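Visitor: Handing you a structure now.
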Amino acid sequence: MGLTIGVDIGGTKIAAGVVDEEGNILSTFKVPTPTTPEAIVDAIASAVEGARAGHEIVGVGIGAAGYVNRQRSTVYFAPNIHWRNEPLKAEVEERTGLPVVVENDANAAAWGEYKFGAGKGHRNVICITLGTGLGGGIIIGNKLRRGHFGVAAEFGHIRMVPDGLLCGCGSQGCWEQYASGRALVRYAKQRANATPERAELLLSLGDGTPEGIEGKHISMAARQGDKVAVDSYRELARWVGAGLADLASLFDPSAFIVGGGLSDEGELVLDPIRKSYKRWLVGGNWRPVAEVRAAELGNKAGLVGAADLAREPDPIM
């Protein structure tokens, strides 16, 4: 199929990269992320033009945070950009003259891991991304499953706790309120406030107060045995594992791939997630148990996955 370009839309920069059929990034081009929706479309086109210089490109895949329709053309809703029924495919095609597909960014990252990362060799994989929030992707029978309307795998907004914590989506008790980077920081602040004597190292890494605790402080402190930091990771893992057990009942994958910034902590977070998953898995002592693996592509997964999905046939066909 030839070379394609993947586009990753970040909060501060938009990255476009030329990707070959083996998932190798041959070149990249980055531009700052503007503040207005129309300017962002122009910036995407500019990044694509910068990346394609010197390459014969057959298509573009864009990973967008939000709800993307099944036809891979329109962003129904984007939480961080004021896109409402945005015809992103048509707009970028008009500006670049290249065929474009639009994909949810978590789906794109999941596909990248499945094809070129931790999911290689598996047919049935569920990916979750643990970052500021919680996203995911479903690959069953070697195919990315988007659902009838294209908005499947919004795992972060499964309601785990009836009438629980208010979520940014407007609902209450969503999984990402208990299993995400934001949740981890909240756990640490609450514990440090309640028992500061158990968080001396953690508090010393910030400004000395629970309010000054950041995610990087929790990681550093946990690796040095700070009790509050370690307990905070365990609480996060308890919720992640419980959610994975529910997803296993729905999809029965051979592997769960955990990506996002929190997965960079390796076994510090993965080992307690595995234990929690096994604890909450129905019949866990008597049934095959899916692997829980760390993602391998890091922040390249979305760009590589979006580029590769530009080669995939129209899912409507």
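Naming scheme: A, B, ... for chains in displayed order of the structure tokens; residues 1 onward per chain; ligands 1 onward as shown.
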According to DSSP computed on the backbone, where in range 177-294 of chain A is there strand (DSSP E)? Give the residues as number ranges by chain.
Guide: A: 255-259, 291-294
Visitor: List every residue of range 80-315 of chain A that DSSP, applied to the backbone of this structure, places in helix (DSSP H, G or I), and write the result as a PyMOL selection string.
Guide: chain A and resi 88-96+105-116+155-157+175-177+181-194+196-198+200-205+210-212+215-223+227-251+261-265+267-280+298-309
Visitor: My list of candidates is A:Arg123, A:Lys13, A:Lys115, A:Lys30. Which is closest to Ala51 in chain A when distances are computed with only C-alpha atoms?
Guide: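 Closest to Ala51 in chain A of all the choices is A:Lys30.
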Visitor: Restricting the calculation to only C-alpha atoms: of A:Thr12, A:Val75, A:Trp83, A:Pro99, which residue gets closest to Ala307 in chain A?
Guide: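 Using only C-alpha atoms, the shortest distance to Ala307 in chain A belongs to A:Pro99.
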Visitor: What's around range 177-190 of chain A at 9 Å? Count only C-alpha atoms, leave out sequence neighbours fewer than 5 positions away in its own chain, and write the answer as a PDB file with C-alpha atoms, in the first residue's frame.
Guide:
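And here is the file that came out, out33.pdb:
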ATOM      1  CA  THR A 129      -4.743   3.872  28.196  1.00  0.00           C
ATOM      2  CA  LEU A 130      -4.113   5.149  31.707  1.00  0.00           C
ATOM      3  CA  GLY A 131      -3.320   8.821  31.478  1.00  0.00           C
ATOM      4  CA  THR A 132      -5.073  11.923  32.719  1.00  0.00           C
ATOM      5  CA  GLY A 133      -8.238   9.980  31.898  1.00  0.00           C
ATOM      6  CA  LEU A 134      -8.907   6.425  30.754  1.00  0.00           C
ATOM      7  CA  GLY A 156     -13.428   5.433  30.976  1.00  0.00           C
ATOM      8  CA  HIS A 157     -17.128   6.245  31.139  1.00  0.00           C
ATOM      9  CA  MET A 160     -18.323   1.753  38.268  1.00  0.00           C
ATOM     10  CA  GLY A 164     -20.183   8.192  42.622  1.00  0.00           C
ATOM     11  CA  LEU A 165     -17.756  10.981  41.852  1.00  0.00           C
ATOM     12  CA  LEU A 166     -18.816  13.552  39.275  1.00  0.00           C
ATOM     13  CA  CYS A 167     -17.039  13.049  35.952  1.00  0.00           C
ATOM     14  CA  GLN A 172     -21.211  10.106  38.066  1.00  0.00           C
ATOM     15  CA  THR A 195      -1.515  10.624  57.776  1.00  0.00           C
ATOM     16  CA  ALA A 199       4.206  10.555  53.588  1.00  0.00           C
ATOM     17  CA  LEU A 202       6.323  12.253  49.210  1.00  0.00           C
ATOM     18  CA  THR A 209       1.803  20.234  51.577  1.00  0.00           C
ATOM     19  CA  PRO A 210      -0.656  17.617  50.280  1.00  0.00           C
ATOM     20  CA  GLU A 211      -1.959  20.180  47.791  1.00  0.00           C
ATOM     21  CA  GLY A 212       1.505  20.361  46.193  1.00  0.00           C
ATOM     22  CA  ILE A 213       1.680  16.652  45.332  1.00  0.00           C
ATOM     23  CA  GLU A 214       2.005  15.876  41.612  1.00  0.00           C
ATOM     24  CA  GLY A 215       2.053  12.615  39.704  1.00  0.00           C
ATOM     25  CA  ILE A 218       4.157   9.887  43.665  1.00  0.00           C
ATOM     26  CA  VAL A 228       1.405   6.722  51.118  1.00  0.00           C
ATOM     27  CA  ALA A 229       2.741   6.669  47.542  1.00  0.00           C
ATOM     28  CA  ASP A 231      -0.724   2.641  48.941  1.00  0.00           C
ATOM     29  CA  SER A 232      -1.966   5.142  46.348  1.00  0.00           C
ATOM     30  CA  TYR A 233      -0.690   2.963  43.520  1.00  0.00           C
ATOM     31  CA  GLU A 235      -5.653   1.775  45.274  1.00  0.00           C
ATOM     32  CA  LEU A 236      -5.349   2.767  41.622  1.00  0.00           C
ATOM     33  CA  ALA A 237      -4.484  -0.834  40.698  1.00  0.00           C
ATOM     34  CA  ARG A 238      -7.453  -2.179  42.629  1.00  0.00           C
ATOM     35  CA  TRP A 239      -9.822  -0.175  40.455  1.00  0.00           C
ATOM     36  CA  VAL A 240      -7.977  -0.912  37.221  1.00  0.00           C
ATOM     37  CA  GLY A 243     -12.493  -2.988  35.551  1.00  0.00           C
ATOM     38  CA  GLY A 261       1.638   7.580  30.926  1.00  0.00           C
ATOM     39  CA  LEU A 262       1.022   5.435  34.004  1.00  0.00           C
TER      40      LEU A 262
END
Visitor: Skipping near chain neighbours, those fewer than 4 positions away, what residues fall within 8 Å of Leu297 in chain A using only C-alpha atoms, listed as a list in words?
Guide: Gly112, Glu113, Phe116, Gly117, Ala118 and Ala301 of chain A
Visitor: Between A:Ala65, A:Val269, A:Ala248, A:Ile40, which residue has the minimum interatomic distance to Arg223 in chain A, considering only C-alpha atoms?
Guide: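 Distance minimum relative to Arg223 in chain A lands on A:Val269.
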Visitor: What is the distance, in Å and to one decimal place, between CA of Arg72 in chain A and CA of Gly54 in chain A?
Guide: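 According to the coordinates, CA of Arg72 in chain A and CA of Gly54 in chain A are separated by 27.2 Å.
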Visitor: Which is closer to Ser276 in chain A than all the others in A:Gly147, A:Gly173, A:Gly168, A:Gly241, using only C-alpha atoms?
Guide: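 Residue with the minimum atom-to-atom distance to Ser276 in chain A: A:Gly241.
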Visitor: Would you mind telling me which residue in A:Ile139, A:Leu144, A:Val151, A:Ala53 lies nearest to Ala78 in chain A when using only C-alpha atoms?
Guide: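 Smallest separation from Ala78 in chain A among the options: A:Val151.
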Visitor: Please provide as a PyMOL selection string all residues within 12 Å of Val18 in chain A, with the sequence filter that same-chain residues fewer than 6 positions apart are discarded (counting only C-alpha atoms).
Guide: chain A and resi 2-8+24-30+47-61+300+303-308+310
Visitor: Between A:Val101, A:Trp175, A:Ala39, A:Gly302, single out the one closest to Ala16 in chain A, counting only C-alpha atoms.
Guide: A:Gly302
